[in-house]
Amino acid sequence: MINTVAARLAGLSGWRRRFVWLISGAVAVLALPPFFVIPVLPVCFAVLLWSLEGVRCNKGALSAGWWFGTGHFAAGFYWVSHAFLVQPEIYGWMIPFALLGLGGGLAVFPMLAVWASWRLTDGLVRRAVLLAVFWAVAEYLRGHILTGFPWNLLAHIWAFDAAPMQFASVVGVYGLSVLTALFATLPATVIAGKRGRLAALAGVLIAVVLWGGGALRLSMVGPVQTDKIAQIDPNVPVVQIVQPNIAQRDKWRPDLQRQHFTKLIDMSRRPAGMNPAQKRIVIWPETAATFFVEDQPAARSQMADVLGPDDILITGAPRTYPRDTDEYKVWNAVQVVDSSGEIVASFDKFHLVPFGEYVPFRSILPFPKLTAGRTDFSAGPGPKTLEVPGIPSFSPLICYEVIFPGAVVDDANRPEWLLNVTNDGWFGKSAGPYQHLAAARFRSVEEGLPLIRAAYTGVSIMYDPYGRKLAELPLSTSNILVHPLLSNQNHTTVYSLWRDILFYGIVAFLAVLVMGYNRFLKSL
């Protein structure tokens, strides 16, 4: 029966074939967060590979990759439309152009991957391996070209559990994507005789090895530390994440600014029953302060009033300097306020969102940016370790800066924990916040560092250095999350030392193995 299905797919032509590619690419999204229906991934890639058997020209192979990729990215990024509905009277008309442009534009990467795998080899087994290699390479390129967009990588299908994610501590998320792509493509070879059945079995075993190996690693490091606040040393800082859950359409309204600020202040008070001597790190999300904190001493005084002598408050806020000059700039920043109301540390976002925080090629593209204000945000210098007296050093990451592998810490001055402040309120109750969360989780595994995530509307969460969940605030809830900052399990990972070198090695080895074997056969 499987052979019959494969033959019928190979025999498709015209719009039917394009429709199958489009739909199979879209359905493959179900393997990604927040659905994690992992079995659909090898099924969808089998449809792609079997239908490629009927392609006879370069144009057909390019078309296969583009239609599959368009379906995959349009379905995977549907939530982008929510951002344009915050002010639909201004931006609503852009939704179809944004979705089709994003899906069709990003589809160039799988288009080239599919074409290369079809063009450079023949035979279903070799083509399946080469497609996995080139798909992972395409993901790497997508994560770096034109500022990069490494969202919804294939490796993210494992983010439902910490165990299968552990291999990322060695080869990073791109290396894990190679193995995930093999898991997706190799089962299609079951129709290719004995050799194909062995390859298909190898594809299934990849999932078993990832899960089993990860579980073994976690068992060796011990259970998750979930110490209660009353049982810990008062010198160990306690994190208090404030998740106000204020709708994005109301966040920047001037008439509600005071009300929102008062809510943040009230949620930042010391919880009842907490040891008065307990040191707190109060964290507000991205641009929770909707004003220039450095210009508002009265607001800083209110912040200080809810802090104990050794407490600090970390908030996302816009930052500006210098005033009333031709060099006027605005940054999306993280600022640290101490118990005296002084700003003791700052960090400026360095990886800005195109069209969200700035408009590329503004001189020829007359579009307003989505975020508040007319001035484009300026980019900061890069990852930075903030060292604040009395607490472990940390690396701030604002919004989607956390999705970029290998670019979340200053390697010359490594921090003791990662902080991601974000505002996913733009995307409502959709898959977007969960996809963002999955990418953030991988950074803790790769770097061997705890990660704390403060999200304006959720999901706010704390992970240990192995990506295991410590505490969580669900999406669309208004509450605080209180948990000790446990950094005594920090460890140096292979990935933090070598970065993507092993990924390059895996890709090179598989490509040479397959293409070299293919050329050898043709020479006989």
# chains A, B, ... in the order shown; residues from 1 in each chain; ligands from 1

$ residues_around --residues "Leu106 in chain A" --least-positions-apart "4" --cutoff "9 Å" --atoms "only C-alpha atoms" --output "JSON, numbers by chain"
{"A": [66, 69, 70, 73, 101, 102, 110, 142]}

$ residues_around --residues "Pro234 in chain A" --least-positions-apart "2" --cutoff "7 Å" --atoms "only C-alpha atoms" --output "MDAnalysis selection string"
chainID A and resid 232 236 277:279

$ closest_residue --among "A:Leu120, A:Ala163, A:Val43, A:Ala75" --to "Ser219 in chain A" --atoms "only C-alpha atoms"
A:Ala163

$ residues_around --residues "Gly11 in chain A" --least-positions-apart "3" --cutoff "10 Å" --atoms "only C-alpha atoms" --output "PDB file with all heavy atoms, in the first residue's frame"
ATOM      1  N   VAL A   5       0.930   4.420  -2.731  1.00  0.00           N
ATOM      2  CA  VAL A   5       0.808   5.845  -2.406  1.00  0.00           C
ATOM      3  C   VAL A   5       1.992   6.611  -2.967  1.00  0.00           C
ATOM      4  O   VAL A   5       1.837   7.689  -3.566  1.00  0.00           O
ATOM      5  CB  VAL A   5       0.706   6.044  -0.878  1.00  0.00           C
ATOM      6  CG1 VAL A   5       0.785   7.521  -0.524  1.00  0.00           C
ATOM      7  CG2 VAL A   5      -0.583   5.432  -0.347  1.00  0.00           C
ATOM      8  N   ALA A   6       3.200   6.060  -2.781  1.00  0.00           N
ATOM      9  CA  ALA A   6       4.397   6.730  -3.288  1.00  0.00           C
ATOM     10  C   ALA A   6       4.356   6.870  -4.801  1.00  0.00           C
ATOM     11  O   ALA A   6       4.719   7.913  -5.362  1.00  0.00           O
ATOM     12  CB  ALA A   6       5.636   5.955  -2.856  1.00  0.00           C
ATOM     13  N   ALA A   7       3.904   5.828  -5.477  1.00  0.00           N
ATOM     14  CA  ALA A   7       3.824   5.870  -6.941  1.00  0.00           C
ATOM     15  C   ALA A   7       2.808   6.907  -7.410  1.00  0.00           C
ATOM     16  O   ALA A   7       3.042   7.623  -8.400  1.00  0.00           O
ATOM     17  CB  ALA A   7       3.459   4.488  -7.476  1.00  0.00           C
ATOM     18  N   ARG A   8       1.678   6.990  -6.725  1.00  0.00           N
ATOM     19  CA  ARG A   8       0.664   7.971  -7.112  1.00  0.00           C
ATOM     20  C   ARG A   8       1.162   9.399  -6.894  1.00  0.00           C
ATOM     21  O   ARG A   8       0.889  10.291  -7.702  1.00  0.00           O
ATOM     22  CB  ARG A   8      -0.629   7.731  -6.332  1.00  0.00           C
ATOM     23  CG  ARG A   8      -1.312   6.409  -6.662  1.00  0.00           C
ATOM     24  CD  ARG A   8      -2.711   6.348  -6.106  1.00  0.00           C
ATOM     25  NE  ARG A   8      -3.586   7.348  -6.719  1.00  0.00           N
ATOM     26  CZ  ARG A   8      -4.889   7.470  -6.459  1.00  0.00           C
ATOM     27  NH1 ARG A   8      -5.458   6.643  -5.593  1.00  0.00           N
ATOM     28  NH2 ARG A   8      -5.609   8.392  -7.041  1.00  0.00           N
ATOM     29  N   ARG A  17      -0.016  18.591  -7.957  1.00  0.00           N
ATOM     30  CA  ARG A  17       1.270  18.387  -7.326  1.00  0.00           C
ATOM     31  C   ARG A  17       1.645  19.586  -6.464  1.00  0.00           C
ATOM     32  O   ARG A  17       2.111  19.428  -5.334  1.00  0.00           O
ATOM     33  CB  ARG A  17       2.337  18.135  -8.400  1.00  0.00           C
ATOM     34  CG  ARG A  17       3.677  17.730  -7.825  1.00  0.00           C
ATOM     35  CD  ARG A  17       4.561  17.103  -8.881  1.00  0.00           C
ATOM     36  NE  ARG A  17       4.907  18.030  -9.954  1.00  0.00           N
ATOM     37  CZ  ARG A  17       5.729  17.711 -10.960  1.00  0.00           C
ATOM     38  NH1 ARG A  17       6.237  16.491 -11.037  1.00  0.00           N
ATOM     39  NH2 ARG A  17       6.022  18.590 -11.902  1.00  0.00           N
ATOM     40  N   TRP A  50       8.690  11.431  -1.998  1.00  0.00           N
ATOM     41  CA  TRP A  50       8.070  10.524  -2.970  1.00  0.00           C
ATOM     42  C   TRP A  50       7.610  11.288  -4.211  1.00  0.00           C
ATOM     43  O   TRP A  50       7.754  10.803  -5.338  1.00  0.00           O
ATOM     44  CB  TRP A  50       6.898   9.789  -2.335  1.00  0.00           C
ATOM     45  CG  TRP A  50       7.327   8.818  -1.261  1.00  0.00           C
ATOM     46  CD1 TRP A  50       8.567   8.279  -1.091  1.00  0.00           C
ATOM     47  CD2 TRP A  50       6.503   8.279  -0.225  1.00  0.00           C
ATOM     48  NE1 TRP A  50       8.580   7.440   0.001  1.00  0.00           N
ATOM     49  CE2 TRP A  50       7.317   7.407   0.551  1.00  0.00           C
ATOM     50  CE3 TRP A  50       5.164   8.422   0.135  1.00  0.00           C
ATOM     51  CZ2 TRP A  50       6.834   6.708   1.659  1.00  0.00           C
ATOM     52  CZ3 TRP A  50       4.674   7.722   1.231  1.00  0.00           C
ATOM     53  CH2 TRP A  50       5.509   6.869   1.988  1.00  0.00           C
ATOM     54  N   SER A  51       7.065  12.478  -4.013  1.00  0.00           N
ATOM     55  CA  SER A  51       6.621  13.255  -5.179  1.00  0.00           C
ATOM     56  C   SER A  51       7.806  13.750  -5.999  1.00  0.00           C
ATOM     57  O   SER A  51       7.687  13.936  -7.215  1.00  0.00           O
ATOM     58  CB  SER A  51       5.760  14.436  -4.727  1.00  0.00           C
ATOM     59  OG  SER A  51       6.498  15.318  -3.894  1.00  0.00           O
ATOM     60  N   LEU A  52       8.966  13.945  -5.354  1.00  0.00           N
ATOM     61  CA  LEU A  52      10.164  14.360  -6.086  1.00  0.00           C
ATOM     62  C   LEU A  52      10.621  13.300  -7.079  1.00  0.00           C
ATOM     63  O   LEU A  52      11.325  13.603  -8.050  1.00  0.00           O
ATOM     64  CB  LEU A  52      11.307  14.656  -5.115  1.00  0.00           C
ATOM     65  CG  LEU A  52      11.387  16.061  -4.513  1.00  0.00           C
ATOM     66  CD1 LEU A  52      12.529  16.135  -3.522  1.00  0.00           C
ATOM     67  CD2 LEU A  52      11.536  17.120  -5.595  1.00  0.00           C
ATOM     68  N   GLU A  53      10.234  12.044  -6.834  1.00  0.00           N
ATOM     69  CA  GLU A  53      10.618  10.970  -7.747  1.00  0.00           C
ATOM     70  C   GLU A  53      10.013  11.184  -9.133  1.00  0.00           C
ATOM     71  O   GLU A  53      10.514  10.646 -10.127  1.00  0.00           O
ATOM     72  CB  GLU A  53      10.171   9.625  -7.181  1.00  0.00           C
ATOM     73  CG  GLU A  53      10.884   9.206  -5.908  1.00  0.00           C
ATOM     74  CD  GLU A  53      12.364   8.967  -6.122  1.00  0.00           C
ATOM     75  OE1 GLU A  53      12.711   8.030  -6.868  1.00  0.00           O
ATOM     76  OE2 GLU A  53      13.184   9.727  -5.558  1.00  0.00           O
ATOM     77  N   GLY A  54       8.947  11.990  -9.207  1.00  0.00           N
ATOM     78  CA  GLY A  54       8.325  12.248 -10.502  1.00  0.00           C
ATOM     79  C   GLY A  54       8.782  13.538 -11.152  1.00  0.00           C
ATOM     80  O   GLY A  54       8.320  13.891 -12.238  1.00  0.00           O
ATOM     81  N   VAL A  55       9.702  14.265 -10.497  1.00  0.00           N
ATOM     82  CA  VAL A  55      10.197  15.535 -11.041  1.00  0.00           C
ATOM     83  C   VAL A  55      11.292  15.255 -12.053  1.00  0.00           C
ATOM     84  O   VAL A  55      12.209  14.462 -11.800  1.00  0.00           O
ATOM     85  CB  VAL A  55      10.721  16.434  -9.904  1.00  0.00           C
ATOM     86  CG1 VAL A  55      11.476  17.630 -10.467  1.00  0.00           C
ATOM     87  CG2 VAL A  55       9.559  16.906  -9.038  1.00  0.00           C
TER      88      VAL A  55
END

$ closest_residue --among "A:Thr4, A:Gln489, A:Ser476, A:Asn413" --to "Gln225 in chain A" --atoms "only C-alpha atoms"
A:Gln489

$ residues_around --residues "range 56-59 of chain A" --least-positions-apart "2" --cutoff "8 Å" --atoms "only C-alpha atoms" --output "PDB file with all heavy atoms, in the first residue's frame"
ATOM      1  N   GLY A  54       8.947  11.990  -9.207  1.00  0.00           N
ATOM      2  CA  GLY A  54       8.325  12.248 -10.502  1.00  0.00           C
ATOM      3  C   GLY A  54       8.782  13.538 -11.152  1.00  0.00           C
ATOM      4  O   GLY A  54       8.320  13.891 -12.238  1.00  0.00           O
ATOM      5  N   ALA A  61      11.899  20.803  -9.411  1.00  0.00           N
ATOM      6  CA  ALA A  61      12.505  20.654  -8.082  1.00  0.00           C
ATOM      7  C   ALA A  61      12.457  21.964  -7.315  1.00  0.00           C
ATOM      8  O   ALA A  61      12.176  21.981  -6.107  1.00  0.00           O
ATOM      9  CB  ALA A  61      13.944  20.172  -8.227  1.00  0.00           C
ATOM     10  N   LEU A  62      12.718  23.071  -7.987  1.00  0.00           N
ATOM     11  CA  LEU A  62      12.620  24.381  -7.330  1.00  0.00           C
ATOM     12  C   LEU A  62      11.188  24.656  -6.892  1.00  0.00           C
ATOM     13  O   LEU A  62      10.943  25.187  -5.807  1.00  0.00           O
ATOM     14  CB  LEU A  62      13.105  25.472  -8.287  1.00  0.00           C
ATOM     15  CG  LEU A  62      14.605  25.503  -8.581  1.00  0.00           C
ATOM     16  CD1 LEU A  62      14.901  26.417  -9.758  1.00  0.00           C
ATOM     17  CD2 LEU A  62      15.393  25.955  -7.342  1.00  0.00           C
ATOM     18  N   SER A  63      10.241  24.295  -7.747  1.00  0.00           N
ATOM     19  CA  SER A  63       8.827  24.498  -7.424  1.00  0.00           C
ATOM     20  C   SER A  63       8.430  23.671  -6.208  1.00  0.00           C
ATOM     21  O   SER A  63       7.707  24.152  -5.324  1.00  0.00           O
ATOM     22  CB  SER A  63       7.965  24.108  -8.623  1.00  0.00           C
ATOM     23  OG  SER A  63       6.589  24.239  -8.325  1.00  0.00           O
ATOM     24  N   TRP A 115      15.999  21.607  -4.146  1.00  0.00           N
ATOM     25  CA  TRP A 115      16.596  21.561  -5.489  1.00  0.00           C
ATOM     26  C   TRP A 115      17.984  20.929  -5.453  1.00  0.00           C
ATOM     27  O   TRP A 115      18.321  20.077  -6.281  1.00  0.00           O
ATOM     28  CB  TRP A 115      16.672  22.965  -6.071  1.00  0.00           C
ATOM     29  CG  TRP A 115      17.486  23.004  -7.337  1.00  0.00           C
ATOM     30  CD1 TRP A 115      17.079  22.644  -8.584  1.00  0.00           C
ATOM     31  CD2 TRP A 115      18.860  23.387  -7.455  1.00  0.00           C
ATOM     32  NE1 TRP A 115      18.111  22.784  -9.485  1.00  0.00           N
ATOM     33  CE2 TRP A 115      19.216  23.239  -8.816  1.00  0.00           C
ATOM     34  CE3 TRP A 115      19.810  23.855  -6.555  1.00  0.00           C
ATOM     35  CZ2 TRP A 115      20.488  23.534  -9.287  1.00  0.00           C
ATOM     36  CZ3 TRP A 115      21.084  24.152  -7.011  1.00  0.00           C
ATOM     37  CH2 TRP A 115      21.419  23.990  -8.359  1.00  0.00           C
ATOM     38  N   ARG A 119      19.170  17.695  -7.376  1.00  0.00           N
ATOM     39  CA  ARG A 119      20.124  17.887  -8.491  1.00  0.00           C
ATOM     40  C   ARG A 119      21.426  17.116  -8.290  1.00  0.00           C
ATOM     41  O   ARG A 119      22.020  16.621  -9.262  1.00  0.00           O
ATOM     42  CB  ARG A 119      20.449  19.388  -8.607  1.00  0.00           C
ATOM     43  CG  ARG A 119      21.330  19.752  -9.793  1.00  0.00           C
ATOM     44  CD  ARG A 119      20.545  19.648 -11.081  1.00  0.00           C
ATOM     45  NE  ARG A 119      21.347  20.040 -12.233  1.00  0.00           N
ATOM     46  CZ  ARG A 119      22.190  19.229 -12.883  1.00  0.00           C
ATOM     47  NH1 ARG A 119      22.323  17.973 -12.501  1.00  0.00           N
ATOM     48  NH2 ARG A 119      22.872  19.650 -13.922  1.00  0.00           N
TER      49      ARG A 119
END

$ closest_residue --among "A:Gly123, A:Pro285, A:Pro33, A:Gly428" --to "Cys399 in chain A" --atoms "only C-alpha atoms"
A:Pro285

$ residues_around --residues "Ser496 in chain A" --least-positions-apart "3" --cutoff "7 Å" --atoms "only C-alpha atoms" --output "list in words"
Glu446, Glu447, Thr492, Thr493 and Arg499 of chain A

$ select_by_dssp --residues "range 326-516 of chain A" --states "strand (DSSP E)" --output "ChimeraX atom specification"
/A:329-338,343-348,394-398,417-422,451-455,460-463,469-473,479-484

$ atom_distance --atom1 "CA of Leu130 in chain A" --atom2 "CA of Ser117 in chain A"
5.3 Å

$ atom_distance --atom1 "CA of Ala192 in chain A" --atom2 "CA of Val209 in chain A"
23.7 Å

$ atom_distance --atom1 "CA of Leu49 in chain A" --atom2 "CA of Phe149 in chain A"
25.7 Å

$ closest_residue --among "A:Val507, A:Ala10, A:Leu418, A:Ala455" --to "Gln243 in chain A" --atoms "only C-alpha atoms"
A:Ala455

$ closest_residue --among "A:Val293, A:Val330, A:Lys469, A:Arg249" --to "Pro88 in chain A" --atoms "only C-alpha atoms"
A:Arg249

$ residues_around --residues "range 297-304 of chain A" --least-positions-apart "2" --cutoff "9 Å" --atoms "only C-alpha atoms" --output "list in words"
Phe261, Ile265, Ser268, Val293, Glu294, Asp295, Val306, Leu307, Gly308, Asp311, Ile312, Leu313, Val337, Asp338, Ser339, Ser340, Gly341, Glu342 and Ile343 of chain A

$ closest_residue --among "A:Gly516, A:Pro39, A:Pro96, A:Gly458" --to "Ser81 in chain A" --atoms "only C-alpha atoms"
A:Pro96
